[in-house]
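Coordinates as given in input.txt (compact mmCIF, C-alpha atoms (C1' of nucleotides)):
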# COMPACT_ATOMS: atom_id res chain seq x y z
CA MET Y 1267 -18.68 -13.38 25.80
CA ALA Y 1268 -21.06 -16.28 25.20
CA SER Y 1269 -24.59 -15.21 26.04
CA GLY Y 1270 -23.82 -12.52 28.60
CA ILE Y 1271 -23.52 -8.87 27.73
CA GLU Y 1272 -20.17 -7.38 28.60
CA VAL Y 1273 -20.42 -3.79 29.70
CA PHE Y 1274 -17.08 -2.09 29.97
CA THR Y 1275 -18.14 1.49 29.94
CA PRO Y 1276 -19.97 2.38 33.15
CA VAL Y 1277 -16.88 1.99 35.36
CA SER Y 1278 -15.82 5.62 35.13
CA HIS Y 1279 -15.88 8.45 32.71
CA THR Y 1280 -12.45 9.70 33.77
CA LEU Y 1281 -9.26 8.15 35.11
CA PHE Y 1282 -9.34 10.33 38.22
CA ASP Y 1283 -11.82 12.26 40.30
CA PRO Y 1284 -11.31 15.94 39.45
CA ALA Y 1285 -12.59 17.09 42.85
CA GLU Y 1286 -10.08 14.87 44.62
CA ILE Y 1287 -7.16 16.22 42.58
CA ILE Y 1288 -8.22 19.79 43.23
CA SER Y 1289 -8.49 19.20 46.96
CA LYS Y 1290 -5.06 17.49 46.99
CA ASN Y 1291 -3.72 20.64 45.35
CA GLY Y 1292 -5.04 22.96 48.04
CA GLY Y 1293 -8.35 23.77 46.41
CA ARG Y 1294 -6.94 24.98 43.11
CA PRO Y 1295 -6.76 23.03 39.88
CA PRO Y 1296 -3.23 22.38 38.60
CA LEU Y 1297 -2.55 24.57 35.59
CA THR Y 1298 0.22 22.56 33.96
CA TYR Y 1299 0.28 19.01 32.77
CA GLN Y 1300 3.38 18.29 34.81
CA SER Y 1301 1.87 19.43 38.08
CA PHE Y 1302 -1.32 17.57 37.25
CA ILE Y 1303 0.64 14.34 36.73
CA ALA Y 1304 2.57 14.85 39.94
CA ILE Y 1305 -0.64 15.17 41.95
CA ALA Y 1306 -2.65 12.53 40.14
CA GLY Y 1307 -0.24 9.59 40.27
CA GLU Y 1308 -1.35 6.24 38.83
CA PRO Y 1309 -4.92 5.75 37.67
CA PRO Y 1310 -6.91 3.11 39.58
CA GLU Y 1311 -7.53 -0.30 38.05
CA PRO Y 1312 -10.65 -0.59 35.94
CA VAL Y 1313 -13.59 -2.61 37.18
CA LEU Y 1314 -15.07 -4.81 34.51
CA GLU Y 1315 -18.61 -5.89 35.12
CA GLU Y 1316 -20.58 -8.56 33.36
CA TYR Y 1317 -24.34 -8.49 33.10
CA SER Y 1318 -26.58 -11.31 31.98
CA GLU Y 1319 -29.04 -8.85 30.50
CA LEU Y 1320 -29.37 -5.15 29.84
CA PRO Y 1321 -30.19 -3.23 33.02
CA PRO Y 1322 -33.87 -2.22 33.22
CA VAL Y 1323 -34.94 1.33 32.54
CA GLY Y 1324 -35.12 3.03 35.89
CA ASP Y 1325 -38.00 4.96 37.41
CA THR Y 1326 -38.45 8.01 35.19
CA GLY Y 1327 -40.56 9.75 37.80
CA GLU Y 1328 -42.52 12.66 36.38
CA TYR Y 1329 -40.70 12.49 33.10
CA GLU Y 1330 -42.36 11.24 29.96
CA LEU Y 1331 -40.42 8.87 27.72
CA LEU Y 1332 -40.19 10.37 24.25
CA PRO Y 1333 -39.19 8.69 21.02
CA VAL Y 1334 -35.71 9.20 19.59
CA PRO Y 1335 -35.70 12.56 17.80
CA THR Y 1336 -35.35 12.63 14.06
CA VAL Y 1337 -32.35 14.07 12.27
CA GLU Y 1338 -34.53 17.00 11.18
CA GLU Y 1339 -35.66 17.64 14.75
CA LEU Y 1340 -32.04 17.84 15.75
CA GLY Y 1341 -31.62 20.75 13.36
CA TYR Y 1342 -30.12 19.07 10.34
CA GLY Y 1343 -31.56 19.40 6.84
CA ASP Y 1344 -31.65 16.80 4.10
CA ILE Y 1345 -28.62 14.60 4.63
CA SER Y 1346 -29.34 12.00 1.95
CA GLN Y 1347 -26.84 13.54 -0.45
CA GLU Y 1348 -24.15 14.13 2.15
CA GLU Y 1349 -20.86 12.32 2.19
CA ILE Y 1350 -21.20 9.61 4.82
CA PRO Y 1351 -18.68 10.05 7.65
CA PRO Y 1352 -16.54 6.92 7.90
CA PHE Y 1353 -17.16 6.36 11.61
CA ARG Y 1354 -19.85 4.21 13.20
CA GLY Y 1355 -21.18 4.48 16.72
CA GLY Y 1356 -21.61 2.09 19.59
CA GLU Y 1357 -19.66 0.15 22.19
CA THR Y 1358 -19.07 -2.84 19.92
CA GLU Y 1359 -17.52 -0.61 17.30
CA ALA Y 1360 -15.49 1.21 19.97
CA LEU Y 1361 -14.02 -2.03 21.27
CA ARG Y 1362 -13.34 -3.30 17.77
CA ARG Y 1363 -11.60 -0.08 16.89
CA MET Y 1364 -9.55 -0.08 20.07
CA LYS Y 1365 -8.43 -3.68 19.53
CA GLU Y 1366 -7.55 -2.94 15.94
CA SER Y 1367 -5.38 0.01 17.01
CA LEU Y 1368 -3.70 -1.91 19.82
CA GLN Y 1369 -2.90 -4.85 17.58
CA ASP Y 1370 -0.13 -2.86 15.94
CA LYS Y 1371 2.12 -2.96 18.99
CA GLU Y 1372 4.99 -1.15 17.34
CA TRP Y 1373 2.68 1.71 16.42
CA VAL Y 1374 1.31 1.85 19.98
CA VAL Y 1375 4.68 1.92 21.73
CA LYS Y 1376 6.14 4.50 19.34
CA PHE Y 1377 3.10 6.78 19.37
CA GLU Y 1378 4.04 10.46 19.74
CA LYS Y 1379 1.10 12.77 19.34
CA PRO Y 1380 2.82 15.81 17.82
CA LYS Y 1381 4.30 13.61 15.08
CA GLY Y 1382 1.10 12.47 13.41
CA ASP Y 1383 0.20 13.37 9.85
CA PRO Y 1384 -2.77 15.78 9.78
CA SER Y 1385 -3.34 15.24 6.07
CA ALA Y 1386 -3.88 11.48 6.41
CA PHE Y 1387 -7.57 10.83 5.87
CA LEU Y 1388 -7.90 7.44 4.19
CA LYS Y 1389 -6.20 5.95 7.23
CA PRO Y 1390 -6.18 8.56 10.03
CA ALA Y 1391 -2.91 8.91 11.94
CA THR Y 1392 -4.61 8.55 15.33
CA THR Y 1393 -6.99 5.99 16.84
CA VAL Y 1394 -10.18 8.09 16.35
CA LEU Y 1395 -11.40 6.79 19.67
CA SER Y 1396 -12.26 10.27 20.97
CA PRO Y 1397 -15.91 10.10 19.82
CA TYR Y 1398 -16.36 6.83 21.70
CA LEU Y 1399 -14.79 8.26 24.84
CA LYS Y 1400 -16.99 11.32 24.54
CA PHE Y 1401 -20.23 9.32 24.27
CA GLY Y 1402 -19.23 6.81 26.93
CA CYS Y 1403 -18.91 3.93 24.45
CA LEU Y 1404 -15.39 3.32 25.67
CA SER Y 1405 -14.11 3.47 29.21
CA SER Y 1406 -11.05 5.65 29.63
CA ARG Y 1407 -9.75 3.38 32.40
CA TYR Y 1408 -10.22 0.25 30.34
CA PHE Y 1409 -8.46 1.81 27.35
CA TYR Y 1410 -5.63 3.03 29.59
CA HIS Y 1411 -4.99 -0.42 31.00
CA CYS Y 1412 -5.17 -2.10 27.60
CA ILE Y 1413 -2.40 0.25 26.47
CA GLN Y 1414 -0.42 -0.59 29.61
CA ASP Y 1415 -0.69 -4.27 28.71
CA VAL Y 1416 0.98 -3.52 25.38
CA TYR Y 1417 3.72 -1.49 27.11
CA ARG Y 1418 4.44 -4.42 29.45
CA SER Y 1419 5.27 -6.62 26.48
CA VAL Y 1420 8.11 -4.42 25.19
CA ARG Y 1421 11.34 -2.81 26.42
CA ASN Y 1422 10.83 0.75 25.23
CA TYR Y 1423 7.76 2.83 24.81
CA THR Y 1424 6.92 6.53 24.62
CA LYS Y 1425 5.87 8.36 27.77
CA PRO Y 1426 3.38 11.09 28.66
CA PRO Y 1427 2.63 13.72 27.56
CA VAL Y 1428 3.20 12.53 24.00
CA SER Y 1429 2.33 8.84 24.39
CA LEU Y 1430 -1.04 7.19 23.91
CA THR Y 1431 -1.65 7.00 27.67
CA GLY Y 1432 -0.50 10.61 27.80
CA GLN Y 1433 -3.51 11.53 25.66
CA LEU Y 1434 -5.90 10.01 28.17
CA LEU Y 1435 -4.15 11.95 30.91
CA TRP Y 1436 -4.59 15.16 28.92
CA ARG Y 1437 -8.28 14.39 28.86
CA ASP Y 1438 -8.34 14.20 32.65
CA PHE Y 1439 -6.21 17.32 32.89
CA PHE Y 1440 -8.85 19.34 31.03
CA TYR Y 1441 -11.69 17.77 33.00
CA THR Y 1442 -9.94 18.77 36.22
CA VAL Y 1443 -9.08 22.35 35.27
CA SER Y 1444 -12.49 22.98 33.78
CA PHE Y 1445 -14.18 21.55 36.87
CA GLY Y 1446 -12.23 23.87 39.14
CA THR Y 1447 -12.39 27.05 37.06
CA PRO Y 1448 -15.47 29.28 37.16
CA ASN Y 1449 -16.50 30.53 33.70
CA PHE Y 1450 -14.04 28.16 32.08
CA ASP Y 1451 -15.93 28.35 28.79
CA GLN Y 1452 -15.67 32.10 28.36
CA MET Y 1453 -13.10 34.87 28.45
CA LYS Y 1454 -14.88 37.26 30.79
CA GLY Y 1455 -14.81 36.28 34.42
CA ASN Y 1456 -12.39 33.45 33.72
CA LYS Y 1457 -9.34 33.89 35.96
CA ILE Y 1458 -7.05 31.67 33.90
CA CYS Y 1459 -7.99 33.30 30.59
CA LYS Y 1460 -6.03 36.19 29.12
CA GLN Y 1461 -8.26 39.14 28.37
CA ILE Y 1462 -7.68 39.85 24.71
CA PRO Y 1463 -9.52 42.46 22.60
CA TRP Y 1464 -10.50 40.11 19.79
CA SER Y 1465 -11.90 41.87 16.77
CA GLU Y 1466 -15.42 41.39 15.46
CA ASN Y 1467 -15.64 40.62 11.79
CA GLU Y 1468 -18.62 38.53 10.78
CA GLU Y 1469 -17.50 38.31 7.16
CA LEU Y 1470 -14.10 36.82 8.03
CA PHE Y 1471 -15.67 34.52 10.61
CA VAL Y 1472 -18.21 33.16 8.12
CA ALA Y 1473 -15.47 32.62 5.54
CA TRP Y 1474 -13.56 30.57 8.10
CA ARG Y 1475 -16.62 28.66 9.29
CA ASP Y 1476 -17.74 27.75 5.77
CA GLY Y 1477 -14.29 26.89 4.41
CA ARG Y 1478 -13.98 29.89 2.10
CA THR Y 1479 -10.85 31.62 3.36
CA GLY Y 1480 -9.01 31.15 0.09
CA TYR Y 1481 -6.33 29.08 1.84
CA PRO Y 1482 -6.93 25.53 0.58
CA TRP Y 1483 -5.26 23.91 3.58
CA ILE Y 1484 -7.56 25.80 5.98
CA ASP Y 1485 -10.67 25.34 3.84
CA ALA Y 1486 -10.11 21.61 3.29
CA ILE Y 1487 -9.92 21.11 7.07
CA MET Y 1488 -13.13 23.05 7.67
CA ILE Y 1489 -14.86 21.05 4.94
CA GLN Y 1490 -13.64 17.79 6.45
CA LEU Y 1491 -15.07 19.00 9.76
CA ARG Y 1492 -18.45 19.64 8.15
CA LYS Y 1493 -18.52 16.36 6.22
CA TRP Y 1494 -16.91 13.95 8.66
CA GLY Y 1495 -17.26 15.69 12.02
CA TRP Y 1496 -13.65 14.79 12.66
CA MET Y 1497 -10.22 15.98 11.67
CA HIS Y 1498 -6.69 15.32 12.92
CA HIS Y 1499 -5.63 17.30 15.98
CA LEU Y 1500 -2.91 19.19 14.10
CA ALA Y 1501 -5.48 20.14 11.48
CA ARG Y 1502 -7.61 21.50 14.32
CA HIS Y 1503 -4.60 23.44 15.50
CA SER Y 1504 -4.09 24.95 12.06
CA VAL Y 1505 -7.62 26.29 11.75
CA ALA Y 1506 -7.90 27.35 15.40
CA CYS Y 1507 -4.66 29.29 15.19
CA PHE Y 1508 -5.74 30.83 11.89
CA LEU Y 1509 -9.07 32.03 13.31
CA THR Y 1510 -7.64 33.49 16.51
CA ARG Y 1511 -4.08 34.63 17.17
CA GLY Y 1512 -2.55 33.67 13.83
CA ASP Y 1513 -4.49 35.52 11.16
CA LEU Y 1514 -8.07 36.65 11.72
CA PHE Y 1515 -7.85 37.68 15.40
CA ILE Y 1516 -11.41 36.51 16.01
CA HIS Y 1517 -12.65 35.41 19.44
CA TRP Y 1518 -11.92 31.78 20.33
CA GLU Y 1519 -15.48 31.44 21.66
CA LYS Y 1520 -16.78 31.80 18.08
CA GLY Y 1521 -14.56 28.98 16.88
CA ARG Y 1522 -15.39 26.93 19.96
CA ASP Y 1523 -19.09 27.12 19.10
CA VAL Y 1524 -18.45 25.85 15.57
CA PHE Y 1525 -16.37 22.92 16.80
CA GLU Y 1526 -18.88 22.11 19.53
CA ARG Y 1527 -21.64 21.85 16.96
CA LEU Y 1528 -19.79 19.99 14.21
CA LEU Y 1529 -17.27 17.68 15.89
CA ILE Y 1530 -18.50 14.17 16.65
CA ASP Y 1531 -16.06 14.07 19.58
CA SER Y 1532 -16.75 17.57 20.91
CA ASP Y 1533 -16.38 17.49 24.64
CA TRP Y 1534 -17.06 20.57 26.73
CA ALA Y 1535 -13.89 20.47 28.84
CA ILE Y 1536 -11.52 19.39 26.09
CA ASN Y 1537 -12.93 21.63 23.38
CA ASN Y 1538 -12.86 24.75 25.54
CA GLY Y 1539 -9.48 23.82 26.95
CA ASN Y 1540 -7.95 23.46 23.54
CA TRP Y 1541 -9.41 26.74 22.29
CA LEU Y 1542 -7.95 28.46 25.33
CA TRP Y 1543 -4.66 26.75 24.47
CA LEU Y 1544 -4.53 27.50 20.77
CA SER Y 1545 -5.62 31.12 21.15
CA CYS Y 1546 -2.86 31.63 23.73
CA SER Y 1547 -5.51 32.61 26.25
CA SER Y 1548 -4.38 30.02 28.78
CA PHE Y 1549 -1.94 27.09 29.26
CA PHE Y 1550 0.12 28.11 26.24
CA CYS Y 1551 1.60 31.56 25.72
CA GLN Y 1552 4.14 31.47 22.90
CA TYR Y 1553 2.01 33.48 20.57
CA HIS Y 1554 4.80 34.11 18.07
CA ARG Y 1555 4.65 30.44 17.09
CA ILE Y 1556 2.10 30.60 14.33
CA TYR Y 1557 1.10 27.82 11.98
CA SER Y 1558 1.51 28.75 8.34
CA PRO Y 1559 -1.69 28.12 6.37
CA VAL Y 1560 0.55 27.33 3.39
CA THR Y 1561 3.68 25.49 4.47
CA PHE Y 1562 2.39 23.50 7.45
CA GLY Y 1563 0.22 21.18 5.39
CA LYS Y 1564 2.69 21.10 2.52
CA LYS Y 1565 5.36 19.38 4.57
CA TYR Y 1566 3.09 16.37 5.16
CA ASP Y 1567 1.28 16.29 1.85
CA PRO Y 1568 3.30 18.07 -0.87
CA ASN Y 1569 1.01 16.86 -3.63
CA GLY Y 1570 -2.09 18.21 -1.86
CA ASN Y 1571 -4.10 14.97 -2.01
CA TYR Y 1572 -5.99 15.98 1.11
CA ILE Y 1573 -7.01 19.30 -0.46
CA ARG Y 1574 -7.95 17.63 -3.74
CA HIS Y 1575 -10.24 15.22 -1.91
CA PHE Y 1576 -12.14 17.76 0.17
CA ILE Y 1577 -12.12 20.65 -2.34
CA PRO Y 1578 -12.86 18.98 -5.68
CA VAL Y 1579 -12.76 22.28 -7.58
CA LEU Y 1580 -9.01 22.35 -6.92
CA LYS Y 1581 -8.39 18.75 -7.93
CA ASP Y 1582 -6.64 19.61 -11.18
CA MET Y 1583 -4.54 22.48 -9.83
CA PRO Y 1584 -0.86 21.66 -10.40
CA ARG Y 1585 1.08 20.54 -7.37
CA GLU Y 1586 3.23 23.70 -7.22
CA TYR Y 1587 0.14 25.92 -6.82
CA ILE Y 1588 -2.23 23.73 -4.83
CA TYR Y 1589 -1.46 25.43 -1.48
CA GLU Y 1590 -1.39 28.94 -3.04
CA PRO Y 1591 -3.69 28.79 -6.06
CA TRP Y 1592 -3.92 32.60 -6.33
CA THR Y 1593 -0.29 32.62 -7.44
CA ALA Y 1594 -1.03 30.39 -10.43
CA PRO Y 1595 -0.92 32.18 -13.80
CA LEU Y 1596 -4.33 32.63 -15.38
CA SER Y 1597 -3.50 30.15 -18.13
CA ILE Y 1598 -2.86 27.48 -15.52
CA GLN Y 1599 -6.06 28.38 -13.66
CA LYS Y 1600 -8.01 28.03 -16.92
CA LYS Y 1601 -6.43 24.69 -17.69
CA ALA Y 1602 -7.28 23.46 -14.18
CA LYS Y 1603 -10.84 24.75 -14.65
CA CYS Y 1604 -10.54 26.80 -11.49
CA ILE Y 1605 -10.44 30.58 -11.75
CA ILE Y 1606 -9.38 32.16 -8.48
CA GLY Y 1607 -11.94 34.74 -7.40
CA LYS Y 1608 -14.68 32.92 -9.30
CA ASP Y 1609 -14.52 29.16 -8.78
CA TYR Y 1610 -12.47 29.34 -5.60
CA PRO Y 1611 -12.03 32.44 -3.40
CA LYS Y 1612 -9.02 34.70 -3.20
CA PRO Y 1613 -7.31 34.68 0.23
CA VAL Y 1614 -9.37 36.71 2.73
CA VAL Y 1615 -6.19 38.05 4.33
CA ASP Y 1616 -2.52 38.12 3.45
CA HIS Y 1617 -0.89 35.74 5.92
CA GLU Y 1618 2.39 37.68 6.17
CA THR Y 1619 0.80 40.99 7.11
CA ALA Y 1620 -2.09 39.48 9.10
CA SER Y 1621 0.14 37.30 11.26
CA LYS Y 1622 2.51 40.20 11.89
CA GLU Y 1623 -0.41 42.34 13.04
CA CYS Y 1624 -1.69 39.50 15.24
CA ARG Y 1625 1.70 39.16 16.95
CA LYS Y 1626 1.67 42.87 17.67
CA ARG Y 1627 -1.83 42.80 19.11
CA MET Y 1628 -1.05 39.76 21.24
CA GLY Y 1629 2.00 41.54 22.62
CA GLU Y 1630 -0.10 44.55 23.55
CA ALA Y 1631 -2.83 42.42 25.10
CA TYR Y 1632 -0.29 40.48 27.15
CA ALA Y 1633 1.26 43.72 28.39
CA LEU Y 1634 -2.11 45.01 29.52
CA ASN Y 1635 -2.85 41.70 31.26
CA ARG Y 1636 0.47 41.92 33.11
CA LEU Y 1637 -0.29 45.43 34.18
CA ASP Y 1638 -3.75 44.47 35.31
CA SER Y 1639 -2.65 41.45 37.33
CA ASN Y 1640 0.24 43.36 38.92
CA SER Y 1641 -1.90 46.25 40.04
CA SER Y 1642 -4.64 44.01 41.39
CA LYS Y 1643 -2.05 42.03 43.32
CA GLY Y 1644 -0.92 45.08 45.26
CA LYS Y 1645 -4.35 46.58 45.71
CA PRO Y 1646 -7.12 44.09 45.30
CA SER Y 1647 -9.84 46.71 45.22
CA ASN Y 1648 -11.84 47.20 42.07
CA LEU Y 1649 -10.91 50.88 41.98
CA SER Y 1650 -7.26 50.14 41.36
CA ARG Y 1651 -7.95 47.76 38.53
CA ARG Y 1652 -7.41 49.31 35.17
CA LYS Y 1653 -10.64 49.57 33.29
CA MET Y 1654 -10.44 48.08 29.85
CA SER Y 1655 -13.79 49.30 28.60
CA HIS Y 1656 -14.14 50.69 25.10
CA GLY Y 1657 -14.37 54.22 26.46
CA ASP Y 1658 -10.80 54.09 27.71
CA GLN Y 1659 -9.03 55.55 24.72
CA ASP Y 1660 -5.98 56.27 26.78
CA ALA Y 1661 -5.28 52.60 27.42
CA SER Y 1662 -5.95 51.38 23.92
CA ASN Y 1663 -3.90 53.87 21.94
CA SER Y 1664 -0.92 56.08 22.59
CA SER Y 1665 0.01 54.87 26.05
CA ILE Y 1666 0.48 51.24 25.02
CA ALA Y 1667 4.15 51.76 24.28
CA LYS Y 1668 4.54 53.24 27.74
CA LEU Y 1669 2.68 50.34 29.31
CA LEU Y 1670 4.87 47.88 27.49
CA LYS Y 1671 7.96 49.45 29.00
CA THR Y 1672 6.70 49.95 32.53
CA SER Y 1673 4.65 46.82 33.07
CA ARG Y 1674 7.59 44.59 33.94
CA SER Y 1675 9.00 46.83 36.64
CA GLU Y 1676 5.73 47.53 38.42
C1' DA K 1217 15.26 37.26 41.77
C1' DC K 1218 16.47 34.10 38.42
C1' DG K 1219 16.74 29.94 35.52
C1' DT K 1220 14.33 26.13 33.31
C1' DC K 1221 11.01 24.28 30.63
C1' DG K 1222 6.97 23.79 27.84
C1' DT K 1223 2.86 17.40 23.66
C1' DT K 1224 2.45 19.73 18.23
C1' DG K 1225 6.28 27.09 14.47
C1' DT K 1226 9.05 28.70 10.59
C1' DA K 1227 12.83 29.49 7.67
C1' DC K 1228 17.14 28.58 6.68
C1' DA K 1229 21.70 26.41 7.23
C1' DA K 1230 24.67 22.45 7.03
C1' DT Z 1031 17.70 14.64 9.07
C1' DT Z 1032 19.31 17.78 12.85
C1' DG Z 1033 20.59 22.41 14.52
C1' DT Z 1034 19.92 27.32 14.92
C1' DA Z 1035 17.95 32.18 15.03
C1' DC Z 1036 13.90 34.34 15.46
C1' DA Z 1037 11.73 37.01 19.78
C1' DA Z 1038 10.04 35.89 23.95
C1' DC Z 1039 5.68 34.22 27.49
C1' DG Z 1040 4.57 32.58 32.24
C1' DA Z 1041 4.14 28.59 35.64
C1' DC Z 1042 6.97 26.62 38.58
C1' DG Z 1043 11.00 25.50 41.36
C1' DT Z 1044 15.12 27.01 43.45
Let's see the structure in the file written out as structure tokens.
Amino acid sequence: MASGIEVFTPVSHTLFDPAEIISKNGGRPPLTYQSFIAIAGEPPEPVLEEYSELPPVGDTGEYELLPVPTVEELGYGDISQEEIPPFRGGETEALRRMKESLQDKEWVVKFEKPKGDPSAFLKPATTVLSPYLKFGCLSSRYFYHCIQDVYRSVRNYTKPPVSLTGQLLWRDFFYTVSFGTPNFDQMKGNKICKQIPWSENEELFVAWRDGRTGYPWIDAIMIQLRKWGWMHHLARHSVACFLTRGDLFIHWEKGRDVFERLLIDSDWAINNGNWLWLSCSSFFCQYHRIYSPVTFGKKYDPNGNYIRHFIPVLKDMPREYIYEPWTAPLSIQKKAKCIIGKDYPKPVVDHETASKECRKRMGEAYALNRLDSNSSKGKPSNLSRRKMSHGDQDASNSSIAKLLKTSRSE
DNA sequence: ACGTCGTTGTACAA
DNA sequence: TTGTACAACGACGT
């Protein structure tokens, strides 16, 4: 540490080599975490290198060295009045943050990803090391082995996929599948992606993007995204489910674009992979499991402190109405200085009816996908494939019930 | 052909 | 706090 500069990061951006895993699997990327783990095995040891000085800038060839672009040049307006996100960049900060997280050994060895609290924002429930991994400030292999060191010092610790090391393996899983899947970042031409007739509704999409859906839990998350560039993974799940298969039935690619732009940890493979997951387009298919935009947040944060912080107009709404302010009597709304429909929007959809409709549409889309894959299996020619163009009224209307019945037996 | 299982659902019961 | 119905998908292994 003395005068030398320790550089931990350049060792490797991933634990494994995606190409190697795909070739071990017969040229196809593993599509489940379990099969990925079985093929991958143990990650190699990290190589720590020490340099006495920063490496020189290499030959830039024909390229001109330009100054660092300004915030404005990167497409952002006046940010002087913005809430400052609580995260700082750089390798030093990454290592400090990692050490701080790993110091709490009990927390490390009991870590189970699905059990975190998405409403925790003063002290996030996860490490918030994803931005540092994304920018190469922290080596995945180094982090992995530091966690292993903690595991070695105790009797019991959680295991993948839910454990802390499990999260790094998920990262490699998405790198591997995305590497081996043509058109991974879109629905069309993507073999592992369910073809779903998402609806186009710019108004609903904009309401979601700008945190004006009328569901405080959803809107608070989208506002945290805009202000901090980070939110808890279960919060991401809530809003991703709401946009796609849960309520609005809008294309996951639209949500993906918003996340890609606003998240400080947005990573091409992981972001697309998770949108495929949450929209039930790939990896995950239990589309009847829908997050409630009302009760999901409530179970972690019944008082709505998270909502009150990110949506100040709702800060005086009584606890019993904070997740459903449109149900508050007008007298209460007046007292809280927040009239629904004026100071804060009414819900853009009714969750009960919208989610029911989404389930139905997902069922129909899945049936058509089954039919399509079955018929192309028997006769791989393009002629036998059912056309799903907009002109095909027959497939999109009356015959769906028939398709639902027959698709399994064909 | 069939059974098992899947990182992260909800509402209600006991 | 833990268990169950709900209604049910598809990758994978046998």
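Distance annotation: of Y:Gly1539, Y:Pro1427, Y:Pro1595, Y:Pro1611, the residue with the minimal separation from chain K is Y:Pro1427; atom set is only C-alpha atoms (C1' of nucleotides).
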Exercise for review: Using only C-alpha atoms (C1' of nucleotides), find which residues of chain Y lie within 8 Å of chain Z and jot them down as a PyMOL selection string.
Suggested key: chain Y and resi 1297-1298+1551-1554
Residues from last step as file, C-alpha atoms, as a PDB file, in the coordinates of the input:
ATOM      1  CA  LEU Y1297      -2.550  24.570  35.590  1.00  0.00           C
ATOM      2  CA  THR Y1298       0.220  22.560  33.960  1.00  0.00           C
ATOM      3  CA  CYS Y1551       1.600  31.560  25.720  1.00  0.00           C
ATOM      4  CA  GLN Y1552       4.140  31.470  22.900  1.00  0.00           C
ATOM      5  CA  TYR Y1553       2.010  33.480  20.570  1.00  0.00           C
ATOM      6  CA  HIS Y1554       4.800  34.110  18.070  1.00  0.00           C
TER       7      HIS Y1554
END
Review point. If you count only C-alpha atoms (C1' of nucleotides), which residues fall within 10 Å of Lys1371 of chain Y, apart from same-chain ones fewer than 5 positions away, as a PyMOL selection string?
Key: chain Y and resi 1376-1377+1413+1416-1417+1419-1420+1423
Output of the above residues as a tab-separated table (two decimals), in the coordinates of the input, restricted to C-alpha atoms:
chain	number	residue	atom	x	y	z
Y	1376	LYS	CA	6.14	4.50	19.34
Y	1377	PHE	CA	3.10	6.78	19.37
Y	1413	ILE	CA	-2.40	0.25	26.47
Y	1416	VAL	CA	0.98	-3.52	25.38
Y	1417	TYR	CA	3.72	-1.49	27.11
Y	1419	SER	CA	5.27	-6.62	26.48
Y	1420	VAL	CA	8.11	-4.42	25.19
Y	1423	TYR	CA	7.76	2.83	24.81
Put the listed atoms of segment 1217-1228 of chain K in a box along x, y and z with 8 Å added on every side and give me the centre and edge lengths in Å to one decimal, as JSON.
{"center_x": 9.8, "center_y": 27.3, "center_z": 24.2, "size_x": 30.7, "size_y": 35.9, "size_z": 51.1}
Got a sec: who's within 8 Å of Ile1489 of chain Y, counting all atoms listed in the file, leaving out chain neighbours fewer than 2 positions off, as an mmCIF file with C-alpha atoms, keeping the file's coordinate frame?
data_model
loop_
_atom_site.group_PDB
_atom_site.id
_atom_site.type_symbol
_atom_site.label_atom_id
_atom_site.label_comp_id
_atom_site.auth_asym_id
_atom_site.auth_seq_id
_atom_site.Cartn_x
_atom_site.Cartn_y
_atom_site.Cartn_z
ATOM 1 C CA ASP Y 1476 -17.740 27.750 5.770
ATOM 2 C CA GLY Y 1477 -14.290 26.890 4.410
ATOM 3 C CA ASP Y 1485 -10.670 25.340 3.840
ATOM 4 C CA ALA Y 1486 -10.110 21.610 3.290
ATOM 5 C CA ILE Y 1487 -9.920 21.110 7.070
ATOM 6 C CA LEU Y 1491 -15.070 19.000 9.760
ATOM 7 C CA ARG Y 1492 -18.450 19.640 8.150
ATOM 8 C CA LYS Y 1493 -18.520 16.360 6.220
ATOM 9 C CA PHE Y 1576 -12.140 17.760 0.170
ATOM 10 C CA ILE Y 1577 -12.120 20.650 -2.340
#
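Picture a line from atom CA of Pro1559 of chain Y to atom CA of Ala1391 of chain Y; it runs 20.0 Å.
You will find atom CA of Asp1523 of chain Y at 16.0 Å from atom CA of Lys1454 of chain Y.
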Practice item. Identify every residue of chain Y that has at least one atom within 10 Å of any atom of chain K, counting only C-alpha atoms (C1' of nucleotides), and report the result as a PyMOL selection string. Key: chain Y and resi 1298-1300+1378-1382+1426-1429+1432-1433+1436+1499-1500+1503+1549-1558+1561-1562
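In this model, the gap between atom CA of Cys1604 of chain Y and atom CA of Asn1569 of chain Y comes to 17.1 Å.
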Exercise for review: For Glu1349 of chain Y, work out the shell of residues within 9 Å, counting all atoms listed in the file and skipping chain neighbours fewer than 3 positions away, then give it as a PyMOL selection string.
Suggested key: chain Y and resi 1345-1346+1352+1493-1494
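Residues lying within 9 Å of Trp1496 of chain Y, counting only C-alpha atoms (C1' of nucleotides) and ignoring same-chain neighbours fewer than 5 positions away, are Y:Pro1351, Y:Val1394, Y:Pro1397, Y:Gln1490, Y:Leu1491, Y:Leu1528, Y:Leu1529, Y:Ile1530, Y:Asp1531.
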